[in-house]
Amino acid sequence: MTMQTRIESTLGLLQPTHLQVLDESHMHSRGQQTHYKAVVVSERFAGLNSVKRHQLVYGTLGELMGEFHALALHTYTPRSGRRWAARRHRRCVPAGISKAAYIALNLNTVSCL
């Protein structure tokens with residue numbers, strides 16, 4: 001099982017409405033699974049600031065955090081995720097976010113993809 005798959009599986013415990021884990025290792029290391037980006041949309045983040053959301057993700061990953069070098073986190077509630085997507089719609093989808101992720105955040109038209 002790849003590290004990306006292990007991260008996705010573990011973050012599933014947060015019951016996300018959307019989860020995307022990207023392996024960005026090719027930009028940082030040669031063939032090693034070391035750098036990741038995760039976009040997590042979950043009701044479990046409701047009422048938490050970004051630091052608390054990240055701490056919840058780190059706690060969920062537990063010892064797995066020691067098995068890779070870096071994890072960039074983008075954590076949203078379904079409501080904040082929709083606001084985030086709407087603000088960026090005029091400038092197209094941000095780097096590293098798939099069209100599917102954008103649409104999952106309830107933007108049904110993405111003209112710039």
# chains A, B, ... in the order shown; residues from 1 in each chain; ligands from 1
>>> residues_around(residues="Gly62 of chain A", least_positions_apart="6", cutoff="12 Å", atoms="only C-alpha atoms", output="number ranges by chain")
A: 6-7, 10-11, 13, 55-56, 68
>>> residues_around(residues="segment 16-19 of chain A", least_positions_apart="5", cutoff="6 Å", atoms="only C-alpha atoms", output="ChimeraX atom specification")
/A:39-42
>>> atom_distance(atom1="atom CA of Ser80 of chain A", atom2="atom CA of Gly66 of chain A")
29.4 Å
>>> closest_residue(among="A:Ser50, A:Ser25, A:Gln33, A:Gln20", to="Thr77 of chain A", atoms="only C-alpha atoms")
A:Ser50
>>> closest_residue(among="A:Gln15, A:Ser9, A:Asn49, A:Gln4", to="Glu67 of chain A", atoms="only C-alpha atoms")
A:Gln4
>>> residues_around(residues="Arg53 of chain A", least_positions_apart="6", cutoff="12 Å", atoms="only C-alpha atoms", output="list in words")
Leu14, Val39, Val40, Val41, Ser42, Glu43, Arg44, Phe45, Ala46, Gly47, Gly59, Thr60, Leu73, His74, Thr75, Tyr76 and Thr77 of chain A
